[in-house]
>>> print(open('data.pdb').read())   # PDB, C-alpha atoms (C1' of nucleotides)
ATOM      1  CA  MET A 204      29.212  11.808  26.031
ATOM      2  CA  THR A 205      26.161  10.631  27.924
ATOM      3  CA  GLU A 206      25.095   7.731  25.690
ATOM      4  CA  GLU A 207      21.571   7.824  27.001
ATOM      5  CA  MET A 208      20.227   6.826  23.625
ATOM      6  CA  LEU A 209      22.576   3.917  23.321
ATOM      7  CA  ASP A 210      21.547   2.642  26.735
ATOM      8  CA  ALA A 211      17.922   2.935  25.752
ATOM      9  CA  LEU A 212      18.570   1.006  22.554
ATOM     10  CA  ASP A 213      20.312  -1.662  24.566
ATOM     11  CA  ARG A 214      17.296  -1.902  26.856
ATOM     12  CA  ALA A 215      15.116  -2.202  23.782
ATOM     13  CA  GLY A 216      17.030  -5.345  22.877
ATOM     14  CA  VAL A 217      18.535  -4.341  19.567
ATOM     15  CA  ARG A 218      22.167  -4.717  18.595
ATOM     16  CA  LEU A 219      24.590  -1.996  19.519
ATOM     17  CA  THR A 220      26.351  -1.806  16.200
ATOM     18  CA  GLY A 221      29.095   0.521  15.061
ATOM     19  CA  PRO A 222      26.864   2.693  12.891
ATOM     20  CA  ARG A 223      24.309   2.991  15.684
ATOM     21  CA  ARG A 224      26.980   4.063  18.167
ATOM     22  CA  LYS A 225      28.341   6.670  15.820
ATOM     23  CA  LEU A 226      24.978   8.031  14.792
ATOM     24  CA  THR A 227      23.522   8.301  18.284
ATOM     25  CA  ALA A 228      26.685  10.141  19.322
ATOM     26  CA  LEU A 229      26.153  12.565  16.462
ATOM     27  CA  ILE A 230      22.538  13.078  17.434
ATOM     28  CA  GLU A 231      23.399  13.741  21.058
ATOM     29  CA  ARG A 232      25.953  16.311  19.989
ATOM     30  CA  ARG A 233      23.304  18.210  18.040
ATOM     31  CA  GLU A 234      21.315  21.153  19.288
ATOM     32  CA  GLY A 235      17.706  21.687  18.355
ATOM     33  CA  HIS A 236      15.949  19.901  15.574
ATOM     34  CA  PHE A 237      17.592  18.261  12.615
ATOM     35  CA  THR A 238      16.547  16.495   9.456
ATOM     36  CA  ALA A 239      17.593  13.087   8.177
ATOM     37  CA  ALA A 240      19.630  14.948   5.568
ATOM     38  CA  ASP A 241      21.463  16.918   8.275
ATOM     39  CA  LEU A 242      22.470  13.740  10.008
ATOM     40  CA  LEU A 243      23.536  12.125   6.778
ATOM     41  CA  LYS A 244      25.667  15.161   6.008
ATOM     42  CA  ASP A 245      27.245  15.041   9.474
ATOM     43  CA  ALA A 246      28.181  11.422   8.957
ATOM     44  CA  GLY A 247      29.432  12.043   5.458
ATOM     45  CA  ARG A 248      31.647  14.931   6.541
ATOM     46  CA  ARG A 249      33.357  12.648   9.010
ATOM     47  CA  ARG A 250      33.852   9.926   6.429
ATOM     48  CA  MET A 251      31.903   7.470   8.509
ATOM     49  CA  GLY A 252      30.817   5.463   5.514
ATOM     50  CA  ILE A 253      27.290   5.206   6.788
ATOM     51  CA  GLY A 254      24.609   4.431   4.266
ATOM     52  CA  ARG A 255      21.517   6.456   3.617
ATOM     53  CA  ALA A 256      19.213   3.586   4.563
ATOM     54  CA  THR A 257      20.925   3.086   7.905
ATOM     55  CA  VAL A 258      20.198   6.649   8.920
ATOM     56  CA  PHE A 259      16.521   6.324   8.109
ATOM     57  CA  ARG A 260      16.340   2.965   9.829
ATOM     58  CA  LEU A 261      17.891   4.319  13.002
ATOM     59  CA  LEU A 262      15.614   7.337  13.054
ATOM     60  CA  GLU A 263      12.621   5.066  12.732
ATOM     61  CA  LEU A 264      13.913   2.883  15.531
ATOM     62  CA  LEU A 265      14.564   5.831  17.829
ATOM     63  CA  SER A 266      11.166   7.176  16.981
ATOM     64  CA  GLU A 267       9.487   3.897  17.942
ATOM     65  CA  GLN A 268      11.285   4.052  21.263
ATOM     66  CA  GLY A 269      10.190   7.642  21.800
ATOM     67  CA  LEU A 270      13.784   8.845  21.993
ATOM     68  CA  VAL A 271      13.284  11.107  19.065
ATOM     69  CA  GLU A 272      10.147  12.707  17.791
ATOM     70  CA  ARG A 273       9.258  13.537  14.268
ATOM     71  CA  ILE A 274       7.789  16.961  13.742
ATOM     72  CA  ASP A 275       6.471  18.820  10.756
ATOM     73  CA  LEU A 276       7.953  22.288  10.436
ATOM     74  CA  PRO A 277       5.778  25.139   9.170
ATOM     75  CA  ASP A 278       7.445  24.912   5.763
ATOM     76  CA  GLY A 279       6.338  21.304   5.419
ATOM     77  CA  THR A 280       9.697  19.611   5.942
ATOM     78  CA  HIS A 281      10.128  16.814   8.423
ATOM     79  CA  ALA A 282      12.567  17.137  11.279
ATOM     80  CA  TYR A 283      13.498  15.179  14.363
ATOM     81  CA  ILE A 284      13.932  16.276  17.947
ATOM     82  CA  PRO A 285      15.757  14.200  20.549
ATOM     83  CA  CYS A 286      13.566  13.965  23.621
ATOM     84  CA  GLU A 287      12.391  12.084  26.638
ATOM     85  CA  PRO A 288      10.048   9.178  25.960
ATOM     86  CA  THR A 289       7.183  10.668  27.934
ATOM     87  CA  HIS A 290       4.233  12.381  26.378
ATOM     88  CA  HIS A 291       4.849  16.060  25.859
ATOM     89  CA  HIS A 292       4.935  18.733  23.211
ATOM     90  CA  HIS A 293       7.541  20.833  21.527
ATOM     91  CA  LEU A 294       8.209  24.476  21.261
ATOM     92  CA  VAL A 295      10.405  25.253  18.295
ATOM     93  CA  CYS A 296      12.265  28.514  17.758
ATOM     94  CA  LEU A 297      11.797  29.782  14.223
ATOM     95  CA  ASN A 298      15.077  31.689  14.364
ATOM     96  CA  CYS A 299      17.638  29.337  15.769
ATOM     97  CA  GLY A 300      15.917  25.957  15.694
ATOM     98  CA  ALA A 301      16.227  25.455  19.435
ATOM     99  CA  THR A 302      13.535  23.289  20.920
ATOM    100  CA  THR A 303      12.077  22.981  24.364
ATOM    101  CA  ASP A 304       9.825  20.347  25.758
ATOM    102  CA  VAL A 305       6.572  21.446  27.267
ATOM    103  CA  ASP A 306       4.472  19.059  29.220
ATOM    104  CA  ASP A 307       0.732  18.815  29.329
ATOM    105  CA  CYS A 308      -0.116  22.459  30.168
ATOM    106  CA  GLY A 309      -3.833  21.706  30.092
ATOM    107  CA  ILE A 310      -4.252  20.120  26.706
ATOM    108  CA  ALA A 311      -5.994  17.125  28.181
ATOM    109  CA  ALA A 312      -8.875  19.454  29.001
ATOM    110  CA  VAL A 313      -8.893  20.736  25.450
ATOM    111  CA  THR A 314      -9.103  17.287  23.891
ATOM    112  CA  ARG A 315     -11.776  16.265  26.354
ATOM    113  CA  GLU A 316     -13.809  19.302  25.392
ATOM    114  CA  ALA A 317     -13.311  18.633  21.688
ATOM    115  CA  ALA A 318     -14.387  15.019  22.161
ATOM    116  CA  ARG A 319     -17.482  16.121  24.004
ATOM    117  CA  ARG A 320     -18.482  18.566  21.286
ATOM    118  CA  THR A 321     -17.914  16.251  18.364
ATOM    119  CA  GLY A 322     -18.611  12.805  19.712
ATOM    120  CA  PHE A 323     -15.277  11.518  18.457
ATOM    121  CA  LYS A 324     -13.164   9.233  20.550
ATOM    122  CA  ILE A 325      -9.822  10.985  20.515
ATOM    123  CA  GLU A 326      -6.825   8.676  20.461
ATOM    124  CA  GLN A 327      -3.874  10.816  19.557
ATOM    125  CA  HIS A 328      -3.057  14.454  19.356
ATOM    126  CA  ARG A 329      -0.184  16.485  18.146
ATOM    127  CA  LEU A 330       0.562  19.975  19.305
ATOM    128  CA  GLU A 331       3.455  21.947  17.927
ATOM    129  CA  LEU A 332       4.256  25.447  19.031
ATOM    130  CA  PHE A 333       6.413  27.792  17.005
ATOM    131  CA  GLY A 334       7.902  31.055  18.158
ATOM    132  CA  ARG A 335      11.073  32.967  19.016
ATOM    133  CA  CYS A 336      13.257  32.248  21.962
TER     134      CYS A 336
ATOM    135  CA  MET B 233     -22.437  22.726  -6.432
ATOM    136  CA  THR B 234     -21.820  25.619  -4.084
ATOM    137  CA  GLU B 235     -18.668  27.098  -5.660
ATOM    138  CA  GLU B 236     -17.621  28.772  -2.438
ATOM    139  CA  MET B 237     -13.984  28.229  -3.236
ATOM    140  CA  LEU B 238     -14.309  29.688  -6.672
ATOM    141  CA  ASP B 239     -15.962  32.789  -5.253
ATOM    142  CA  ALA B 240     -13.177  33.137  -2.753
ATOM    143  CA  LEU B 241     -10.575  32.818  -5.478
ATOM    144  CA  ASP B 242     -12.394  35.487  -7.431
ATOM    145  CA  ARG B 243     -12.300  37.764  -4.412
ATOM    146  CA  ALA B 244      -8.594  37.052  -4.099
ATOM    147  CA  GLY B 245      -8.152  38.538  -7.542
ATOM    148  CA  VAL B 246      -6.808  35.563  -9.453
ATOM    149  CA  ARG B 247      -8.068  34.302 -12.762
ATOM    150  CA  LEU B 248     -10.957  31.881 -12.794
ATOM    151  CA  THR B 249      -9.512  29.464 -15.292
ATOM    152  CA  GLY B 250     -10.900  26.195 -16.578
ATOM    153  CA  PRO B 251      -8.546  23.994 -14.586
ATOM    154  CA  ARG B 252      -9.258  25.941 -11.417
ATOM    155  CA  ARG B 253     -13.000  25.609 -11.913
ATOM    156  CA  LYS B 254     -12.722  21.893 -12.477
ATOM    157  CA  LEU B 255     -10.368  21.245  -9.593
ATOM    158  CA  THR B 256     -12.264  23.278  -7.026
ATOM    159  CA  ALA B 257     -15.408  21.411  -8.045
ATOM    160  CA  LEU B 258     -13.595  18.128  -7.455
ATOM    161  CA  ILE B 259     -12.387  19.293  -4.070
ATOM    162  CA  GLU B 260     -15.835  20.397  -2.977
ATOM    163  CA  ARG B 261     -17.206  17.031  -3.979
ATOM    164  CA  ARG B 262     -14.722  15.282  -1.727
ATOM    165  CA  GLU B 263     -15.331  14.165   1.820
ATOM    166  CA  GLY B 264     -12.671  14.327   4.487
ATOM    167  CA  HIS B 265      -9.031  14.828   3.791
ATOM    168  CA  PHE B 266      -7.276  14.101   0.542
ATOM    169  CA  THR B 267      -3.773  14.171  -0.806
ATOM    170  CA  ALA B 268      -2.452  15.928  -3.883
ATOM    171  CA  ALA B 269      -2.170  12.491  -5.452
ATOM    172  CA  ASP B 270      -5.855  11.772  -4.763
ATOM    173  CA  LEU B 271      -6.873  14.923  -6.527
ATOM    174  CA  LEU B 272      -4.573  14.233  -9.418
ATOM    175  CA  LYS B 273      -6.077  10.773  -9.754
ATOM    176  CA  ASP B 274      -9.613  12.200  -9.671
ATOM    177  CA  ALA B 275      -8.742  14.555 -12.471
ATOM    178  CA  GLY B 276      -6.963  11.860 -14.428
ATOM    179  CA  ARG B 277      -9.882   9.458 -14.176
ATOM    180  CA  ARG B 278     -12.132  12.065 -15.742
ATOM    181  CA  ARG B 279      -9.693  12.752 -18.531
ATOM    182  CA  MET B 280      -9.467  16.380 -17.555
ATOM    183  CA  GLY B 281      -5.979  16.764 -18.958
ATOM    184  CA  ILE B 282      -4.832  18.677 -15.937
ATOM    185  CA  GLY B 283      -1.121  18.794 -15.270
ATOM    186  CA  ARG B 284       0.602  17.722 -12.113
ATOM    187  CA  ALA B 285       2.048  21.191 -11.504
ATOM    188  CA  THR B 286      -1.367  22.826 -11.779
ATOM    189  CA  VAL B 287      -2.731  20.710  -8.971
ATOM    190  CA  PHE B 288       0.119  21.624  -6.646
ATOM    191  CA  ARG B 289      -0.126  25.264  -7.616
ATOM    192  CA  LEU B 290      -3.831  25.376  -6.870
ATOM    193  CA  LEU B 291      -3.399  23.671  -3.529
ATOM    194  CA  GLU B 292      -0.769  26.206  -2.593
ATOM    195  CA  LEU B 293      -3.047  29.034  -3.650
ATOM    196  CA  LEU B 294      -6.004  27.678  -1.693
ATOM    197  CA  SER B 295      -3.749  27.162   1.251
ATOM    198  CA  GLU B 296      -2.579  30.789   1.165
ATOM    199  CA  GLN B 297      -6.204  31.859   1.157
ATOM    200  CA  GLY B 298      -6.971  29.585   4.085
ATOM    201  CA  LEU B 299      -9.562  27.669   2.075
ATOM    202  CA  VAL B 300      -7.676  24.483   2.516
ATOM    203  CA  GLU B 301      -5.318  23.433   5.250
ATOM    204  CA  ARG B 302      -2.355  21.190   4.998
ATOM    205  CA  ILE B 303      -2.068  18.607   7.728
ATOM    206  CA  ASP B 304       0.437  15.949   8.543
ATOM    207  CA  LEU B 305      -1.163  12.566   9.149
ATOM    208  CA  PRO B 306       0.244  10.243  11.802
ATOM    209  CA  ASP B 307       1.928   8.154   9.117
ATOM    210  CA  GLY B 308       3.866  11.188   7.916
ATOM    211  CA  THR B 309       2.004  11.842   4.682
ATOM    212  CA  HIS B 310       0.669  15.261   3.833
ATOM    213  CA  ALA B 311      -3.010  15.780   3.250
ATOM    214  CA  TYR B 312      -5.355  18.679   2.699
ATOM    215  CA  ILE B 313      -8.648  19.544   4.320
ATOM    216  CA  PRO B 314     -11.107  22.023   2.844
ATOM    217  CA  CYS B 315     -12.108  24.456   5.565
ATOM    218  CA  GLU B 316     -13.186  27.879   6.634
ATOM    219  CA  PRO B 317     -10.494  30.553   6.599
ATOM    220  CA  THR B 318     -10.717  31.230  10.305
ATOM    221  CA  HIS B 319      -8.297  29.911  12.852
ATOM    222  CA  HIS B 320      -9.307  26.501  14.130
ATOM    223  CA  HIS B 321      -8.124  22.946  14.459
ATOM    224  CA  HIS B 322      -8.957  19.636  12.938
ATOM    225  CA  LEU B 323     -10.178  16.379  14.230
ATOM    226  CA  VAL B 324      -9.429  13.573  11.833
ATOM    227  CA  CYS B 325     -11.032  10.144  11.909
ATOM    228  CA  LEU B 326      -8.439   7.423  11.580
ATOM    229  CA  ASN B 327     -10.984   5.004  10.146
ATOM    230  CA  CYS B 328     -12.859   6.893   7.488
ATOM    231  CA  GLY B 329     -10.842  10.058   7.025
ATOM    232  CA  ALA B 330     -13.734  12.323   7.946
ATOM    233  CA  THR B 331     -12.685  15.619   9.437
ATOM    234  CA  THR B 332     -14.375  18.080  11.698
ATOM    235  CA  ASP B 333     -13.367  21.583  12.571
ATOM    236  CA  VAL B 334     -12.937  22.428  16.196
ATOM    237  CA  ASP B 335     -12.498  25.976  17.297
ATOM    238  CA  ASP B 336     -10.337  27.289  20.068
ATOM    239  CA  CYS B 337     -11.524  25.034  22.945
ATOM    240  CA  GLY B 338      -9.077  26.676  25.329
ATOM    241  CA  ILE B 339      -5.818  26.330  23.493
ATOM    242  CA  ALA B 340      -5.066  29.998  23.826
ATOM    243  CA  ALA B 341      -4.678  29.389  27.547
ATOM    244  CA  VAL B 342      -2.339  26.493  26.864
ATOM    245  CA  THR B 343      -0.049  28.496  24.622
ATOM    246  CA  ARG B 344      -0.058  31.378  27.063
ATOM    247  CA  GLU B 345       0.990  29.030  29.826
ATOM    248  CA  ALA B 346       3.718  27.480  27.678
ATOM    249  CA  ALA B 347       5.021  30.938  26.780
ATOM    250  CA  ARG B 348       5.121  31.918  30.433
ATOM    251  CA  ARG B 349       7.063  28.821  31.407
ATOM    252  CA  THR B 350       9.620  28.969  28.641
ATOM    253  CA  GLY B 351      10.012  32.654  27.904
ATOM    254  CA  PHE B 352       9.375  32.047  24.202
ATOM    255  CA  LYS B 353       7.210  34.375  22.200
ATOM    256  CA  ILE B 354       4.775  32.006  20.561
ATOM    257  CA  GLU B 355       3.749  32.984  17.061
ATOM    258  CA  GLN B 356       2.088  29.928  15.595
ATOM    259  CA  HIS B 357       0.725  26.694  16.793
ATOM    260  CA  ARG B 358      -0.634  23.594  15.217
ATOM    261  CA  LEU B 359      -2.950  21.178  16.924
ATOM    262  CA  GLU B 360      -4.140  18.043  15.246
ATOM    263  CA  LEU B 361      -6.470  15.583  16.897
ATOM    264  CA  PHE B 362      -6.858  12.021  15.703
ATOM    265  CA  GLY B 363      -9.532   9.586  16.735
ATOM    266  CA  ARG B 364     -12.575   7.595  15.652
ATOM    267  CA  CYS B 365     -15.909   9.079  14.749
TER     268      CYS B 365
ATOM    269  C1'  DG C  11     -12.332  41.472 -30.751
ATOM    270  C1'  DA C  12      -7.347  42.885 -29.683
ATOM    271  C1'  DT C  13      -3.956  42.881 -26.257
ATOM    272  C1'  DC C  14      -1.290  41.702 -22.613
ATOM    273  C1'  DT C  15      -0.265  39.179 -18.612
ATOM    274  C1'  DA C  16      -1.397  35.245 -15.678
ATOM    275  C1'  DT C  17      -1.766  30.559 -16.091
ATOM    276  C1'  DT C  18      -1.105  26.155 -18.078
ATOM    277  C1'  DG C  19       0.922  21.416 -19.246
ATOM    278  C1'  DA C  20       4.935  18.882 -20.805
ATOM    279  C1'  DT C  21       9.198  17.773 -19.489
ATOM    280  C1'  DA C  22      12.769  17.139 -16.672
ATOM    281  C1'  DC C  23      14.624  17.569 -12.382
ATOM    282  C1'  DT C  24      15.530  17.241  -7.081
ATOM    283  C1'  DG C  25      15.254  15.192  -2.745
ATOM    284  C1'  DA C  26      12.970  12.200   0.764
ATOM    285  C1'  DG C  27      12.179   7.845   1.858
ATOM    286  C1'  DT C  28      11.951   2.624   0.741
ATOM    287  C1'  DA C  29      12.891  -2.155  -1.301
ATOM    288  C1'  DT C  30      16.254  -5.540  -2.279
ATOM    289  C1'  DC C  31      19.937  -8.415  -1.414
ATOM    290  C1'  DA C  32      24.540 -10.083  -0.927
ATOM    291  C1'  DT C  33      27.857  -9.163   2.654
ATOM    292  C1'  DA C  34      29.383  -8.099   7.251
ATOM    293  C1'  DT C  35      28.993  -8.045  12.270
ATOM    294  C1'  DG C  36      27.051  -8.295  16.982
ATOM    295  C1'  DT C  37      25.563 -11.677  20.450
ATOM    296  C1'  DG C  38      24.613 -15.725  23.175
ATOM    297  C1'  DG C  39      25.949 -20.346  23.832
ATOM    298  C1'  DT C  40      29.703 -23.451  24.282
TER     299       DT C  40
ATOM    300  C1'  DA D 190      38.041 -17.449  22.658
ATOM    301  C1'  DC D 191      35.383 -19.298  19.170
ATOM    302  C1'  DC D 192      31.152 -20.533  16.516
ATOM    303  C1'  DA D 193      26.774 -20.161  14.550
ATOM    304  C1'  DC D 194      23.278 -17.508  13.044
ATOM    305  C1'  DA D 195      20.059 -13.976  13.111
ATOM    306  C1'  DT D 196      20.301  -9.073  12.724
ATOM    307  C1'  DA D 197      22.054  -5.150  10.685
ATOM    308  C1'  DT D 198      24.576  -2.943   6.987
ATOM    309  C1'  DG D 199      25.643  -0.347   2.565
ATOM    310  C1'  DA D 200      25.238  -0.237  -2.427
ATOM    311  C1'  DT D 201      22.090   0.185  -5.744
ATOM    312  C1'  DA D 202      18.074   1.123  -7.753
ATOM    313  C1'  DC D 203      13.667   2.444  -7.266
ATOM    314  C1'  DT D 204       9.116   5.206  -6.130
ATOM    315  C1'  DC D 205       6.783   9.179  -5.121
ATOM    316  C1'  DA D 206       6.056  14.175  -3.694
ATOM    317  C1'  DG D 207       6.979  18.452  -4.978
ATOM    318  C1'  DT D 208       9.462  22.103  -7.967
ATOM    319  C1'  DA D 209      11.772  24.596 -11.955
ATOM    320  C1'  DT D 210      11.540  25.843 -16.712
ATOM    321  C1'  DC D 211       9.499  27.524 -20.656
ATOM    322  C1'  DA D 212       6.966  27.817 -24.886
ATOM    323  C1'  DA D 213       2.081  27.793 -25.777
ATOM    324  C1'  DT D 214      -2.636  29.120 -24.194
ATOM    325  C1'  DA D 215      -6.406  31.542 -22.504
ATOM    326  C1'  DG D 216      -8.641  34.909 -19.006
ATOM    327  C1'  DA D 217      -9.541  39.798 -18.110
ATOM    328  C1'  DT D 218      -9.784  44.451 -19.445
ATOM    329  C1'  DC D 219     -10.228  47.854 -22.791
TER     330       DC D 219
END
>>> encode(input="data.pdb", output="structure tokens")
Amino acid sequence: MTEEMLDALDRAGVRLTGPRRKLTALIERREGHFTAADLLKDAGRRRMGIGRATVFRLLELLSEQGLVERIDLPDGTHAYIPCEPTHHHHLVCLNCGATTDVDDCGIAAVTREAARRTGFKIEQHRLELFGRC
Amino acid sequence: MTEEMLDALDRAGVRLTGPRRKLTALIERREGHFTAADLLKDAGRRRMGIGRATVFRLLELLSEQGLVERIDLPDGTHAYIPCEPTHHHHLVCLNCGATTDVDDCGIAAVTREAARRTGFKIEQHRLELFGRC
DNA sequence: GATCTATTGATACTGAGTATCATATGTGGT
DNA sequence: ACCACATATGATACTCAGTATCAATAGATC
């Protein structure tokens, strides 16, 4: 029960409400990536009486704070990964769903090279790695 | 009117039907990325009488053939980019939607490094670059 | 041209995500 | 400890992307 997320929300100046406490606890108990539907099911199973909208609102909030990152799985579905709010990338296991953070690893050089070749000014990038752990 | 896509579909051994001819022509006339809804609207505006399902089916088919690639924009919506069926990455302009292909640029080294650090066997990766042209 | 299978469009459905709004609940000031 | 009030909530209803079904249609091959 680390409550890192809750602390971060507190620092962000939002209210620490009941639903937010319960949901962040559920997220921290999870392993690997999860979808909004997974979380909603978790909450439903425990009769938490948490509304659909609240789940989406919290995920958006966590995402803004960089506590969770939204990724696009190879099958096109959206999932979330709890993570540190520093820039990094994710390695997702296609078998078990486990995720690992990977920091820069030399991508800065890649984007610089791409910018040079194309003349674009690159502002964001997204790198997702998929494999087997 | 190059019909590259149509030729490729022919080579893939599927039927060259009316709807497929019309839709591939519409796609080739497009610039930058587009969504399924965009294409559907294009077809609707021209009274082509093409069904919703047909559009999604064609996009899936083109995607399997690597003639089109599905990307996830920063706002979470899915879009498609017509492209060559070789492995590469996309640079998307956040202003005008223009896209450019970028080949390897050294990502192989990045994935190799990530694999070494984590012990994962990396099978796929997705890199999307966003900026201004 | 006949035949046979792949493809189509209409329809209806599912599931993700969002808008609305009256009600409930944290929080900061007293 | 209480109050006041903005913030957050859940119910409901909605929109929009994508999919399943299936009878009708139309390519390809002979």
>>> resolve_selection(input="data.pdb", expression="the PyMOL selection byres ((chain C and resi 29) around 8)", output="list in words")
DT28 and DT30 of chain C; DC203 of chain D
>>> residues_around(input="data.pdb", residues="Cys328 in chain B", least_positions_apart="2", cutoff="9 Å", atoms="only C-alpha atoms (C1' of nucleotides)", output="list in words")
Gly264, Val324, Cys325, Leu326, Ala330, Thr331, Arg364 and Cys365 of chain B
>>> atom_distance(input="data.pdb", atom1="CA of Thr267 in chain B", atom2="CA of Glu272 in chain A")
23.3 Å
>>> interface_residues(input="data.pdb", of="chain B", to="chain D", cutoff="9 Å", atoms="only C-alpha atoms (C1' of nucleotides)", output="CSV table (one decimal) with C-alpha atoms, in the frame of the given file")
chain,number,residue,atom,x,y,z
B,247,ARG,CA,-8.1,34.3,-12.8
B,248,LEU,CA,-11.0,31.9,-12.8
B,249,THR,CA,-9.5,29.5,-15.3
B,268,ALA,CA,-2.5,15.9,-3.9
B,269,ALA,CA,-2.2,12.5,-5.5
B,285,ALA,CA,2.0,21.2,-11.5
B,288,PHE,CA,0.1,21.6,-6.6
>>> resolve_selection(input="data.pdb", expression="the PyMOL selection byres ((chain C) within 9 of (chain B))", output="PyMOL selection string")
chain C and resi 16-20
>>> resolve_selection(input="data.pdb", expression="the PyMOL selection byres ((chain A) within 8 of (chain B))", output="ChimeraX atom specification")
/A:275,296,303,305,308-310,313-314,316-317,321-336
>>> residues_around(input="data.pdb", residues="range 287-289 of chain A", least_positions_apart="5", cutoff="8 Å", atoms="only C-alpha atoms (C1' of nucleotides)", output="PDB file with C-alpha atoms, keeping the file's coordinate frame")
ATOM      1  CA  GLN A 268      11.285   4.052  21.263  1.00  0.00           C
ATOM      2  CA  GLY A 269      10.190   7.642  21.800  1.00  0.00           C
ATOM      3  CA  LEU A 270      13.784   8.845  21.993  1.00  0.00           C
ATOM      4  CA  VAL A 271      13.284  11.107  19.065  1.00  0.00           C
TER       5      VAL A 271
END
>>> atom_distance(input="data.pdb", atom1="CA of Ala257 in chain B", atom2="CA of Glu235 in chain B")
7.0 Å
>>> atom_distance(input="data.pdb", atom1="CA of Lys244 in chain A", atom2="CA of Leu264 in chain A")
19.5 Å
>>> residues_around(input="data.pdb", residues="Met280 in chain B", least_positions_apart="3", cutoff="10 Å", atoms="all atoms listed in the file", output="NGL selection string")
:B and (250-251 or 254-255 or 272 or 274-277 or 283)
